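Novice: Sharing entry.cif, mmCIF, C-alpha atoms:
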```
data_run
loop_
_atom_site.label_atom_id
_atom_site.label_comp_id
_atom_site.auth_asym_id
_atom_site.auth_seq_id
_atom_site.Cartn_x
_atom_site.Cartn_y
_atom_site.Cartn_z
CA MET B 1 -26.05 96.52 205.82
CA PRO B 2 -27.10 99.68 203.96
CA ASP B 3 -24.86 100.84 201.19
CA PRO B 4 -24.90 104.64 201.07
CA ALA B 5 -23.10 105.15 197.76
CA PRO B 6 -25.26 104.86 194.66
CA ARG B 7 -24.09 102.31 192.14
CA ARG B 8 -23.35 103.51 188.62
CA LEU B 9 -24.54 101.55 185.67
CA SER B 10 -21.62 99.57 184.42
CA SER B 11 -20.75 98.93 180.81
CA PRO B 12 -22.13 95.73 179.28
CA LYS B 13 -19.74 92.77 179.20
CA PRO B 14 -18.46 91.72 175.76
CA ARG B 15 -20.05 88.64 174.18
CA THR B 16 -17.28 87.57 171.83
CA ARG B 17 -14.21 85.71 172.99
CA ARG B 18 -11.97 88.38 171.52
CA GLY B 19 -13.88 91.12 173.33
CA GLN B 20 -13.61 89.19 176.58
CA ASP B 21 -9.86 88.82 176.09
CA THR B 22 -9.42 92.54 175.46
CA ARG B 23 -11.47 93.39 178.53
CA ALA B 24 -9.41 90.97 180.62
CA ALA B 25 -6.19 92.51 179.25
CA ILE B 26 -7.38 95.98 180.26
CA LEU B 27 -8.17 94.76 183.77
CA ARG B 28 -4.82 93.02 184.09
CA ALA B 29 -3.05 96.19 182.88
CA ALA B 30 -5.08 98.27 185.34
CA GLU B 31 -3.98 95.89 188.11
CA THR B 32 -0.34 96.45 187.24
CA VAL B 33 -0.53 100.20 186.67
CA ILE B 34 -2.85 101.17 189.53
CA GLY B 35 -1.17 98.64 191.83
CA GLU B 36 2.13 100.36 191.13
CA VAL B 37 1.41 104.09 190.97
CA GLY B 38 -1.99 104.31 192.68
CA PHE B 39 -5.39 105.37 191.39
CA ALA B 40 -4.79 109.13 191.27
CA ALA B 41 -1.52 108.93 189.34
CA ALA B 42 -2.63 106.21 186.92
CA SER B 43 -4.00 107.45 183.59
CA ILE B 44 -6.16 105.63 181.07
CA ALA B 45 -3.28 106.15 178.61
CA ASP B 46 -0.94 104.27 181.00
CA ILE B 47 -3.43 101.43 181.22
CA THR B 48 -4.05 101.11 177.47
CA ARG B 49 -0.30 101.30 176.83
CA ALA B 50 0.30 98.47 179.30
CA ALA B 51 -2.54 96.49 177.73
CA GLY B 52 -1.14 97.06 174.22
CA ILE B 53 -4.36 98.54 172.84
CA ALA B 54 -5.39 101.88 171.35
CA GLN B 55 -6.74 104.36 173.85
CA GLY B 56 -10.11 104.54 172.08
CA THR B 57 -10.57 100.79 172.53
CA PHE B 58 -10.68 101.32 176.31
CA TYR B 59 -14.01 103.12 176.00
CA ILE B 60 -15.67 100.17 174.30
CA TYR B 61 -15.29 98.33 177.59
CA PHE B 62 -15.25 100.95 180.32
CA GLN B 63 -16.61 104.47 180.62
CA SER B 64 -13.94 105.85 182.91
CA LYS B 65 -10.93 105.14 185.13
CA ASP B 66 -13.38 105.01 188.00
CA GLU B 67 -15.35 102.23 186.32
CA VAL B 68 -12.31 100.15 185.44
CA PHE B 69 -11.09 100.51 189.04
CA ARG B 70 -14.39 99.35 190.52
CA GLU B 71 -14.51 96.44 188.10
CA LEU B 72 -10.92 95.60 188.99
CA VAL B 73 -11.82 95.35 192.70
CA VAL B 74 -14.68 92.98 191.83
CA GLU B 75 -12.42 91.00 189.49
CA MET B 76 -9.64 90.65 192.10
CA GLY B 77 -12.22 89.28 194.52
CA ARG B 78 -13.51 86.82 191.90
CA LEU B 79 -10.01 85.68 191.02
CA THR B 80 -9.02 85.21 194.65
CA ARG B 81 -12.17 83.24 195.44
CA ALA B 82 -11.81 81.08 192.32
CA PHE B 83 -8.18 80.35 193.25
CA LEU B 84 -9.16 79.42 196.81
CA THR B 85 -12.13 77.30 195.74
CA GLU B 86 -9.85 75.35 193.42
CA ALA B 87 -7.20 74.96 196.15
CA VAL B 88 -9.61 73.50 198.70
CA ALA B 89 -11.78 71.47 196.32
CA ASP B 90 -10.44 68.08 197.42
CA ALA B 91 -10.19 68.84 201.14
CA PRO B 92 -11.75 66.00 203.16
CA ASP B 93 -13.09 68.33 205.86
CA ARG B 94 -13.47 72.01 206.77
CA LEU B 95 -10.36 72.35 208.93
CA THR B 96 -8.21 70.94 206.14
CA ALA B 97 -10.00 73.26 203.71
CA GLU B 98 -9.31 76.26 205.98
CA ARG B 99 -5.67 75.32 206.23
CA ARG B 100 -5.27 74.85 202.47
CA GLY B 101 -7.30 78.00 201.85
CA LEU B 102 -4.97 80.13 203.96
CA ARG B 103 -1.92 78.59 202.31
CA ALA B 104 -3.38 79.29 198.86
CA PHE B 105 -4.27 82.84 199.84
CA LEU B 106 -0.69 83.50 200.97
CA ALA B 107 0.60 82.09 197.68
CA PHE B 108 -1.82 84.28 195.72
CA VAL B 109 -0.71 87.38 197.63
CA ALA B 110 2.99 86.60 197.12
CA GLU B 111 2.28 86.25 193.40
CA ARG B 112 0.03 89.29 193.03
CA PRO B 113 0.91 91.78 195.75
CA ALA B 114 -0.97 94.51 193.81
CA LEU B 115 -4.11 92.94 195.31
CA TYR B 116 -3.45 94.76 198.59
CA ASN B 117 -2.70 98.11 196.98
CA ILE B 118 -5.88 97.92 194.96
CA VAL B 119 -8.29 96.67 197.60
CA MET B 120 -6.91 99.00 200.27
CA GLU B 121 -6.96 101.99 197.95
CA ALA B 122 -10.60 101.13 197.19
CA ARG B 123 -11.34 101.97 200.81
CA PHE B 124 -10.71 105.61 199.84
CA VAL B 125 -11.50 105.72 196.13
CA ALA B 126 -14.54 103.43 195.96
CA PRO B 127 -15.71 102.66 199.52
CA ASP B 128 -18.78 100.73 198.38
CA ALA B 129 -16.62 98.44 196.22
CA TYR B 130 -14.30 97.96 199.22
CA ARG B 131 -17.15 96.91 201.49
CA ASP B 132 -18.67 94.68 198.84
CA TYR B 133 -15.32 92.97 198.42
CA TYR B 134 -15.13 91.99 202.08
CA GLN B 135 -18.83 91.31 202.52
CA THR B 136 -18.86 88.91 199.58
CA PHE B 137 -15.88 87.07 201.05
CA ALA B 138 -17.36 87.02 204.54
CA ARG B 139 -20.70 85.73 203.31
CA GLY B 140 -19.11 82.79 201.51
CA TYR B 141 -16.85 82.14 204.47
CA ALA B 142 -19.73 82.12 206.94
CA GLN B 143 -21.70 79.73 204.70
CA ASN B 144 -18.79 77.30 204.62
CA LEU B 145 -18.44 77.46 208.39
CA ALA B 146 -22.17 76.95 208.87
CA ALA B 147 -22.11 73.88 206.61
CA ALA B 148 -19.11 72.51 208.52
CA MET B 149 -20.93 73.07 211.81
CA GLN B 150 -23.89 71.10 210.49
CA GLU B 151 -21.53 68.25 209.68
CA ALA B 152 -19.90 68.59 213.12
CA GLU B 153 -16.54 69.22 211.46
CA ILE B 154 -16.00 72.27 213.68
CA ARG B 155 -17.30 73.24 217.10
CA ALA B 156 -20.52 75.23 217.19
CA GLY B 157 -20.11 79.01 217.33
CA ASP B 158 -21.07 82.29 215.68
CA VAL B 159 -20.17 81.86 212.02
CA GLU B 160 -20.36 85.53 211.06
CA THR B 161 -17.93 86.72 213.72
CA ARG B 162 -15.66 83.78 213.02
CA ALA B 163 -15.70 84.52 209.29
CA TRP B 164 -14.63 88.14 209.81
CA ALA B 165 -12.01 87.15 212.38
CA LEU B 166 -10.47 84.51 210.10
CA MET B 167 -10.55 86.84 207.12
CA GLY B 168 -8.80 89.60 209.09
CA MET B 169 -6.14 87.16 210.17
CA ALA B 170 -5.45 86.09 206.60
CA ILE B 171 -5.19 89.70 205.37
CA THR B 172 -2.63 90.72 207.98
CA LEU B 173 -0.64 87.49 207.71
CA GLY B 174 -0.52 88.02 203.94
CA GLU B 175 0.83 91.53 204.24
CA ARG B 176 3.35 90.55 206.92
CA PHE B 177 4.63 87.20 205.62
CA ALA B 178 3.90 87.22 201.87
CA ILE B 179 4.65 90.87 201.02
CA TRP B 180 6.82 92.68 203.58
CA ASP B 181 9.20 89.97 204.63
CA LYS B 182 9.16 86.61 202.93
CA THR B 183 11.89 84.95 205.00
CA LYS B 184 9.53 82.80 207.04
CA ASP B 185 8.34 79.66 205.28
CA LEU B 186 4.65 80.08 204.42
CA ASP B 187 3.83 76.44 205.23
CA GLN B 188 5.21 77.08 208.69
CA VAL B 189 3.13 80.26 209.07
CA VAL B 190 0.01 78.23 208.26
CA GLU B 191 0.99 75.47 210.70
CA ASP B 192 1.58 77.98 213.46
CA VAL B 193 -1.74 79.71 212.92
CA PHE B 194 -3.70 76.49 212.69
CA ASP B 195 -2.17 75.16 215.85
CA MET B 196 -3.90 78.11 217.56
CA LEU B 197 -7.09 77.96 215.51
CA GLU B 198 -7.71 74.26 215.83
CA ARG B 199 -6.73 73.66 219.42
CA GLY B 200 -7.06 77.12 220.97
CA LEU B 201 -4.76 79.11 223.23
CA LYS B 202 -5.98 77.62 226.49
CA PRO B 203 -3.31 75.43 228.09
CA MET R 1 13.22 94.09 208.31
CA PRO R 2 14.92 96.82 206.24
CA ASP R 3 13.10 100.12 205.98
CA PRO R 4 13.68 101.56 202.51
CA ALA R 5 12.31 105.09 203.08
CA PRO R 6 14.75 107.50 204.69
CA ARG R 7 13.46 109.10 207.87
CA ARG R 8 13.31 112.88 207.95
CA LEU R 9 14.49 114.70 210.98
CA SER R 10 11.43 115.58 212.98
CA SER R 11 10.84 118.83 214.78
CA PRO R 12 11.89 118.93 218.45
CA LYS R 13 9.09 118.31 220.97
CA PRO R 14 8.04 121.34 223.05
CA ARG R 15 9.31 121.52 226.63
CA THR R 16 6.66 123.72 228.19
CA ARG R 17 3.25 122.46 229.18
CA ARG R 18 1.61 125.09 227.00
CA GLY R 19 3.69 124.05 224.01
CA GLN R 20 2.79 120.42 224.59
CA ASP R 21 -0.89 121.31 224.74
CA THR R 22 -0.69 123.24 221.48
CA ARG R 23 1.13 120.39 219.78
CA ALA R 24 -1.49 117.92 221.06
CA ALA R 25 -4.27 120.21 219.80
CA ILE R 26 -2.68 120.30 216.34
CA LEU R 27 -2.46 116.49 216.28
CA ARG R 28 -6.05 116.13 217.43
CA ALA R 29 -7.18 118.60 214.74
CA ALA R 30 -5.13 116.71 212.14
CA GLU R 31 -6.85 113.50 213.23
CA THR R 32 -10.27 115.06 212.65
CA VAL R 33 -9.45 116.84 209.40
CA ILE R 34 -7.31 114.18 207.71
CA GLY R 35 -9.61 111.43 209.05
CA GLU R 36 -12.51 113.17 207.36
CA VAL R 37 -11.22 114.49 204.03
CA GLY R 38 -8.02 112.48 203.57
CA PHE R 39 -4.38 113.52 203.42
CA ALA R 40 -4.38 115.03 199.91
CA ALA R 41 -7.43 117.24 200.43
CA ALA R 42 -6.51 118.37 203.97
CA SER R 43 -4.61 121.66 204.17
CA ILE R 44 -2.51 123.06 206.99
CA ALA R 45 -5.00 125.96 207.08
CA ASP R 46 -7.84 123.45 207.73
CA ILE R 47 -5.83 121.90 210.54
CA THR R 48 -4.89 125.16 212.26
CA ARG R 49 -8.48 126.40 211.93
CA ALA R 50 -9.75 123.22 213.58
CA ALA R 51 -7.10 123.56 216.29
CA GLY R 52 -8.02 127.21 216.86
CA ILE R 53 -4.49 128.51 216.33
CA ALA R 54 -2.80 130.88 213.89
CA GLN R 55 -1.37 129.20 210.81
CA GLY R 56 2.15 130.42 211.65
CA THR R 57 1.98 128.64 215.01
CA PHE R 58 1.78 125.31 213.16
CA TYR R 59 5.36 125.72 211.95
CA ILE R 60 6.72 126.03 215.48
CA TYR R 61 5.72 122.38 215.96
CA PHE R 62 5.80 120.76 212.52
CA GLN R 63 7.63 121.48 209.30
CA SER R 64 4.97 120.25 206.92
CA LYS R 65 1.68 118.41 206.46
CA ASP R 66 3.77 115.33 205.80
CA GLU R 67 5.47 115.63 209.18
CA VAL R 68 2.24 116.19 211.11
CA PHE R 69 0.72 113.16 209.36
CA ARG R 70 3.63 110.90 210.25
CA GLU R 71 3.58 112.10 213.82
CA LEU R 72 -0.18 111.53 213.90
CA VAL R 73 0.27 107.89 212.90
CA VAL R 74 2.81 107.44 215.70
CA GLU R 75 0.54 109.27 218.14
CA MET R 76 -2.52 107.16 217.22
CA GLY R 77 -0.44 104.07 217.90
CA ARG R 78 0.71 105.43 221.24
CA LEU R 79 -2.81 106.40 222.26
CA THR R 80 -4.23 103.01 221.29
CA ARG R 81 -1.51 101.13 223.15
CA ALA R 82 -1.88 103.33 226.25
CA PHE R 83 -5.64 102.77 226.19
CA LEU R 84 -5.21 98.99 225.88
CA THR R 85 -2.50 98.81 228.55
CA GLU R 86 -4.80 100.64 230.95
CA ALA R 87 -7.74 98.37 230.05
CA VAL R 88 -5.87 95.13 230.72
CA ALA R 89 -3.78 96.31 233.69
CA ASP R 90 -5.75 94.33 236.30
CA ALA R 91 -6.28 91.19 234.24
CA PRO R 92 -5.39 88.09 236.27
CA ASP R 93 -4.00 86.19 233.29
CA ARG R 94 -3.17 86.56 229.60
CA LEU R 95 -6.37 85.16 228.16
CA THR R 96 -8.41 87.58 230.27
CA ALA R 97 -6.06 90.35 229.18
CA GLU R 98 -6.52 89.38 225.51
CA ARG R 99 -10.26 89.39 225.90
CA ARG R 100 -10.33 92.78 227.65
CA GLY R 101 -7.79 94.12 225.18
CA LEU R 102 -9.97 93.25 222.20
CA ARG R 103 -13.03 94.71 223.91
CA ALA R 104 -11.12 97.93 224.66
CA PHE R 105 -9.81 98.11 221.10
CA LEU R 106 -13.34 97.84 219.70
CA ALA R 107 -14.47 100.60 222.08
CA PHE R 108 -11.55 102.79 221.01
CA VAL R 109 -12.36 102.26 217.34
CA ALA R 110 -16.07 103.02 217.85
CA GLU R 111 -15.06 106.24 219.59
CA ARG R 112 -12.34 107.30 217.15
CA PRO R 113 -13.09 105.76 213.76
CA ALA R 114 -10.64 108.22 212.14
CA LEU R 115 -7.95 105.81 213.37
CA TYR R 116 -8.64 103.51 210.44
CA ASN R 117 -8.72 106.26 207.84
CA ILE R 118 -5.40 107.59 209.06
CA VAL R 119 -3.51 104.34 209.51
CA MET R 120 -4.79 102.88 206.25
CA GLU R 121 -4.04 106.06 204.32
CA ALA R 122 -0.52 105.91 205.79
CA ARG R 123 -0.06 102.73 203.75
CA PHE R 124 0.00 104.98 200.68
CA VAL R 125 1.19 108.34 202.00
CA ALA R 126 3.83 107.23 204.51
CA PRO R 127 4.50 103.50 204.06
CA ASP R 128 7.34 103.42 206.59
CA ALA R 129 5.09 104.96 209.27
CA TYR R 130 2.42 102.39 208.38
CA ARG R 131 4.82 99.49 208.84
CA ASP R 132 6.25 100.95 212.01
CA TYR R 133 2.75 101.25 213.39
CA TYR R 134 2.03 97.55 212.96
CA GLN R 135 5.51 96.35 213.82
CA THR R 136 5.48 98.24 217.11
CA PHE R 137 2.11 96.69 217.96
CA ALA R 138 3.20 93.21 216.91
CA ARG R 139 6.41 93.41 218.91
CA GLY R 140 4.57 94.29 222.11
CA TYR R 141 1.95 91.67 221.39
CA ALA R 142 4.54 88.95 220.82
CA GLN R 143 6.34 89.90 224.05
CA ASN R 144 3.11 89.57 226.03
CA LEU R 145 2.39 86.19 224.47
CA ALA R 146 5.94 85.00 225.18
CA ALA R 147 5.65 86.04 228.83
CA ALA R 148 2.29 84.26 229.09
CA MET R 149 3.81 81.12 227.58
CA GLN R 150 6.57 81.23 230.20
CA GLU R 151 3.89 81.33 232.88
CA ALA R 152 1.97 78.52 231.15
CA GLU R 153 -1.05 80.79 230.82
CA ILE R 154 -1.34 79.88 227.14
CA ARG R 155 -0.29 76.83 225.13
CA ALA R 156 3.16 76.94 223.57
CA GLY R 157 3.32 78.18 219.98
CA ASP R 158 4.94 80.69 217.65
CA VAL R 159 4.39 84.06 219.28
CA GLU R 160 5.23 86.19 216.25
CA THR R 161 2.76 84.50 213.92
CA ARG R 162 0.14 84.49 216.65
CA ALA R 163 0.70 88.19 217.33
CA TRP R 164 0.14 89.13 213.68
CA ALA R 165 -2.87 86.81 213.39
CA LEU R 166 -4.53 88.23 216.50
CA MET R 167 -3.78 91.78 215.43
CA GLY R 168 -5.30 91.18 211.99
CA MET R 169 -8.40 89.75 213.57
CA ALA R 170 -8.85 92.79 215.78
CA ILE R 171 -8.44 95.20 212.86
CA THR R 172 -11.07 93.53 210.70
CA LEU R 173 -13.49 92.98 213.57
CA GLY R 174 -13.13 96.67 214.44
CA GLU R 175 -13.96 97.81 210.93
CA ARG R 176 -16.87 95.38 210.61
CA PHE R 177 -18.51 95.61 214.04
CA ALA R 178 -17.38 98.97 215.47
CA ILE R 179 -17.48 101.14 212.33
CA TRP R 180 -19.61 99.74 209.50
CA ASP R 181 -22.47 98.19 211.37
CA LYS R 182 -22.76 98.59 215.10
CA THR R 183 -25.91 96.54 215.59
CA LYS R 184 -24.14 93.54 217.10
CA ASP R 185 -23.26 93.90 220.77
CA LEU R 186 -19.47 94.27 221.06
CA ASP R 187 -19.31 92.14 224.23
CA GLN R 188 -20.94 89.38 222.23
CA VAL R 189 -18.43 89.80 219.38
CA VAL R 190 -15.60 89.38 221.88
CA GLU R 191 -17.26 86.32 223.46
CA ASP R 192 -17.74 84.72 220.06
CA VAL R 193 -14.14 85.31 219.00
CA PHE R 194 -12.69 84.11 222.27
CA ASP R 195 -14.75 80.96 222.20
CA MET R 196 -12.78 80.14 219.04
CA LEU R 197 -9.43 81.48 220.26
CA GLU R 198 -9.42 79.81 223.64
CA ARG R 199 -10.86 76.43 222.77
CA GLY R 200 -10.16 76.14 219.05
CA LEU R 201 -12.36 75.10 216.14
CA LYS R 202 -11.73 71.37 216.46
CA PRO R 203 -14.86 69.56 217.66
#
```
Kindly present the structure from the file in structure tokens form.

Specialist:
Amino acid sequence: MPDPAPRRLSSPKPRTRRGQDTRAAILRAAETVIGEVGFAAASIADITRAAGIAQGTFYIYFQSKDEVFRELVVEMGRLTRAFLTEAVADAPDRLTAERRGLRAFLAFVAERPALYNIVMEARFVAPDAYRDYYQTFARGYAQNLAAAMQEAEIRAGDVETRAWALMGMAITLGERFAIWDKTKDLDQVVEDVFDMLERGLKP
Amino acid sequence: MPDPAPRRLSSPKPRTRRGQDTRAAILRAAETVIGEVGFAAASIADITRAAGIAQGTFYIYFQSKDEVFRELVVEMGRLTRAFLTEAVADAPDRLTAERRGLRAFLAFVAERPALYNIVMEARFVAPDAYRDYYQTFARGYAQNLAAAMQEAEIRAGDVETRAWALMGMAITLGERFAIWDKTKDLDQVVEDVFDMLERGLKP
């Protein structure tokens, strides 16, 4: 898929542990601030204040609010994927992994609802970062499904379409059941979805 | 689900055919303009210019850009639902209706991609309208699934969770295959998804 927006050169990543910690603190502060007030209203001063660092320090790590936002979108994707990979590591087969993966995703969303604000605002503020976010997820998802198909753990079918369909499901279920209204038990949500996904809707 | 944002009183709808046409033209122009440049950058002057009416005429129908945007979100929902209802009217059973409904939704999205810009921007600009949009869809969806369950046209299961899952799938598939990259045949996308939805992933 062609990516029309040119990529800017990003700042180099710090090599020292302390530098890495400061950079991580800035990203975490950006998550809180931008997640709360939105990209336009958030200032670099708000972010450095939330991170507990001097404003000048920000520029050692990022050139601009735009850069920290783009990096935040990438980082949220990395964090989510790392969390899911960990959650499904011991799954004996793909369907169990899918089930645990959805459950972990809903837990992640409930814990860090700013994820949605940030990724969905990226659609407008940094469309290429938004696409990359989903494409990276979908690619990994499709690879897992393809491997499972090879092992006959799932029925044969188009892995790309399935990956996007399953991803879309998770996003909407997260917003509905882990952000808007948390009264329904998330284990039950996962059971109900997987009843459909594993056995199908056909009577 | 409680709705925290207070609703403003909206302007009365016109009674004459001519008034209704003008109002519809304003909404259609708002769809084009806001869909293209976003809510913040769009001005009422841009909208009235695109609608081919005097700026003062706008205020006969809407009090503000905010009001026209909210009404646009409602209208996009109405249009989509009317289009889908029409597309599935002759379906002999629910699974056929689901299949035709998804196909029609993808066609609608390909034709009017501004739908996504508007609804997703509503998440930030008019969060209550955004929720209403999805809740109205989900309610109708769940009712259809419940009726189909009664008729044993689909397997028993939680209709609310299924409705949100299916809706999320459609949204993401629309963005991926009907907006970003249209190279994959949309009939094939629908076939591939319904292979999973009807028969399940279990081998």

Novice: Can you tell me, as a PDB file with C-alpha atoms, keeping the file's coordinate frame, what residues are no more than 10 Å from R:Pro203 when counting all atoms listed in the file, ignoring any on the same chain fewer than 5 positions away?

Specialist:
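In the end it all went to part03.pdb:
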```pdb
ATOM      1  CA  MET B 149     -20.930  73.070 211.810  1.00  0.00           C
ATOM      2  CA  ALA B 152     -19.900  68.590 213.120  1.00  0.00           C
ATOM      3  CA  GLU B 153     -16.540  69.220 211.460  1.00  0.00           C
ATOM      4  CA  ILE B 154     -16.000  72.270 213.680  1.00  0.00           C
ATOM      5  CA  ARG B 155     -17.300  73.240 217.100  1.00  0.00           C
ATOM      6  CA  ALA B 156     -20.520  75.230 217.190  1.00  0.00           C
ATOM      7  CA  GLU B 198      -7.710  74.260 215.830  1.00  0.00           C
ATOM      8  CA  ARG B 199      -6.730  73.660 219.420  1.00  0.00           C
TER       9      ARG B 199
END
```

Novice: Select residues of chain R: the criterion is any atom within 7 Å of an atom of chain B, counting all atoms listed in the file; output as a PDB file with C-alpha atoms, keeping the file's coordinate frame.

Specialist:
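Output file iface.pdb is given in full below:
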```
ATOM      1  CA  MET R   1      13.220  94.090 208.310  1.00  0.00           C
ATOM      2  CA  ALA R 152       1.970  78.520 231.150  1.00  0.00           C
ATOM      3  CA  GLU R 153      -1.050  80.790 230.820  1.00  0.00           C
ATOM      4  CA  ILE R 154      -1.340  79.880 227.140  1.00  0.00           C
ATOM      5  CA  ARG R 155      -0.290  76.830 225.130  1.00  0.00           C
ATOM      6  CA  GLY R 157       3.320  78.180 219.980  1.00  0.00           C
ATOM      7  CA  ASP R 158       4.940  80.690 217.650  1.00  0.00           C
ATOM      8  CA  THR R 161       2.760  84.500 213.920  1.00  0.00           C
ATOM      9  CA  ARG R 162       0.140  84.490 216.650  1.00  0.00           C
ATOM     10  CA  TRP R 164       0.140  89.130 213.680  1.00  0.00           C
ATOM     11  CA  ALA R 165      -2.870  86.810 213.390  1.00  0.00           C
ATOM     12  CA  LEU R 166      -4.530  88.230 216.500  1.00  0.00           C
ATOM     13  CA  GLY R 168      -5.300  91.180 211.990  1.00  0.00           C
ATOM     14  CA  MET R 169      -8.400  89.750 213.570  1.00  0.00           C
ATOM     15  CA  ILE R 171      -8.440  95.200 212.860  1.00  0.00           C
ATOM     16  CA  THR R 172     -11.070  93.530 210.700  1.00  0.00           C
ATOM     17  CA  LEU R 173     -13.490  92.980 213.570  1.00  0.00           C
ATOM     18  CA  ASP R 181     -22.470  98.190 211.370  1.00  0.00           C
ATOM     19  CA  VAL R 189     -18.430  89.800 219.380  1.00  0.00           C
ATOM     20  CA  ASP R 192     -17.740  84.720 220.060  1.00  0.00           C
ATOM     21  CA  VAL R 193     -14.140  85.310 219.000  1.00  0.00           C
ATOM     22  CA  MET R 196     -12.780  80.140 219.040  1.00  0.00           C
ATOM     23  CA  LEU R 197      -9.430  81.480 220.260  1.00  0.00           C
ATOM     24  CA  GLU R 198      -9.420  79.810 223.640  1.00  0.00           C
ATOM     25  CA  ARG R 199     -10.860  76.430 222.770  1.00  0.00           C
ATOM     26  CA  GLY R 200     -10.160  76.140 219.050  1.00  0.00           C
ATOM     27  CA  LEU R 201     -12.360  75.100 216.140  1.00  0.00           C
ATOM     28  CA  LYS R 202     -11.730  71.370 216.460  1.00  0.00           C
ATOM     29  CA  PRO R 203     -14.860  69.560 217.660  1.00  0.00           C
TER      30      PRO R 203
END
```

Novice: Of the residues B:Arg23, B:Arg139, B:Arg17, B:Arg81, which is the one nearest to B:Ile60, using only C-alpha atoms?

Specialist: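 Using only C-alpha atoms, B:Ile60 sits closest to B:Arg23.
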
Novice: Extract, using only C-alpha atoms, all DNA, RNA and protein residues at most 12 Å from R:Glu75, discarding same-chain residues fewer than 3 positions from it, and format them as a short mmCIF file (atom, residue, chain, number, x, y, z; two decimals) with C-alpha atoms, in the coordinates of the input.

Specialist:
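Result file around_29.cif:
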```
data_model
loop_
_atom_site.label_atom_id
_atom_site.label_comp_id
_atom_site.auth_asym_id
_atom_site.auth_seq_id
_atom_site.Cartn_x
_atom_site.Cartn_y
_atom_site.Cartn_z
CA ARG R 23 1.13 120.39 219.78
CA ALA R 24 -1.49 117.92 221.06
CA ILE R 26 -2.68 120.30 216.34
CA LEU R 27 -2.46 116.49 216.28
CA ARG R 28 -6.05 116.13 217.43
CA ALA R 30 -5.13 116.71 212.14
CA GLU R 31 -6.85 113.50 213.23
CA VAL R 68 2.24 116.19 211.11
CA PHE R 69 0.72 113.16 209.36
CA ARG R 70 3.63 110.90 210.25
CA GLU R 71 3.58 112.10 213.82
CA LEU R 72 -0.18 111.53 213.90
CA ARG R 78 0.71 105.43 221.24
CA LEU R 79 -2.81 106.40 222.26
CA THR R 80 -4.23 103.01 221.29
CA ARG R 81 -1.51 101.13 223.15
CA ALA R 82 -1.88 103.33 226.25
CA LEU R 115 -7.95 105.81 213.37
CA ILE R 118 -5.40 107.59 209.06
CA VAL R 119 -3.51 104.34 209.51
CA ALA R 129 5.09 104.96 209.27
CA ASP R 132 6.25 100.95 212.01
CA TYR R 133 2.75 101.25 213.39
#
```

Novice: Find the residues near R:Glu98: any atom within 9 Å, counting all atoms listed in the file, skip ones fewer than 5 places away on the same chain, and give them as an MDAnalysis selection string.

Specialist: chainID R and resid 88 91 93 103 194

Novice: Which polymer residues have any atom within 9 Å of an atom of stretch 63-66 of chain B, counting only C-alpha atoms, with same-chain residues fewer than 6 positions away left out, as a ChimeraX atom specification?

Specialist: /B:10-11,39,42-44,125-126

Novice: What is the atom CA of R:Thr85 to atom CA of R:Ala110 distance in Å?

Specialist: 17.8 Å

Novice: Could you tell me how far atom CA of R:Phe83 sits from atom CA of R:Phe108, in Å to one decimal place?

Specialist: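 These two atoms are separated by 7.9 Å.
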
Novice: What does the structure give for the distance between atom CA of R:Ala50 and atom CA of R:Ala25, in Å to one decimal?

Specialist: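 Atom CA of R:Ala25 lies 8.8 Å from atom CA of R:Ala50.
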
Novice: When distances are computed from only C-alpha atoms, which of B:Ile53, B:Ala138, B:Ile47, B:Leu186 shows the smallest separation from B:Arg99?

Specialist: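 Ranked by minimum distance to B:Arg99, first place goes to B:Leu186.
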
Novice: Stretch 175-197 of chain B from the block above, C-alpha atoms, as a short mmCIF file (atom, residue, chain, number, x, y, z; two decimals), in the first residue's frame, please?

Specialist:
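New file result02.cif:
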```
data_model
loop_
_atom_site.label_atom_id
_atom_site.label_comp_id
_atom_site.auth_asym_id
_atom_site.auth_seq_id
_atom_site.Cartn_x
_atom_site.Cartn_y
_atom_site.Cartn_z
CA GLU B 175 -14.58 0.94 23.16
CA ARG B 176 -18.02 -0.45 24.00
CA PHE B 177 -17.25 -2.82 26.88
CA ALA B 178 -13.92 -1.60 28.33
CA ILE B 179 -14.36 2.18 28.04
CA TRP B 180 -17.98 3.33 27.67
CA ASP B 181 -19.80 0.91 29.89
CA LYS B 182 -17.89 -1.57 32.00
CA THR B 183 -20.88 -3.32 33.57
CA LYS B 184 -20.60 -6.46 31.45
CA ASP B 185 -17.98 -8.92 32.62
CA LEU B 186 -15.11 -8.91 30.11
CA ASP B 187 -14.59 -12.68 30.37
CA GLN B 188 -18.21 -13.08 29.33
CA VAL B 189 -17.76 -10.68 26.40
CA VAL B 190 -14.85 -12.83 25.18
CA GLU B 191 -16.86 -16.04 25.62
CA ASP B 192 -19.77 -14.61 23.68
CA VAL B 193 -17.60 -13.45 20.81
CA PHE B 194 -15.65 -16.68 20.61
CA ASP B 195 -18.79 -18.74 20.56
CA MET B 196 -19.53 -16.97 17.26
CA LEU B 197 -15.96 -16.96 15.98
#
```
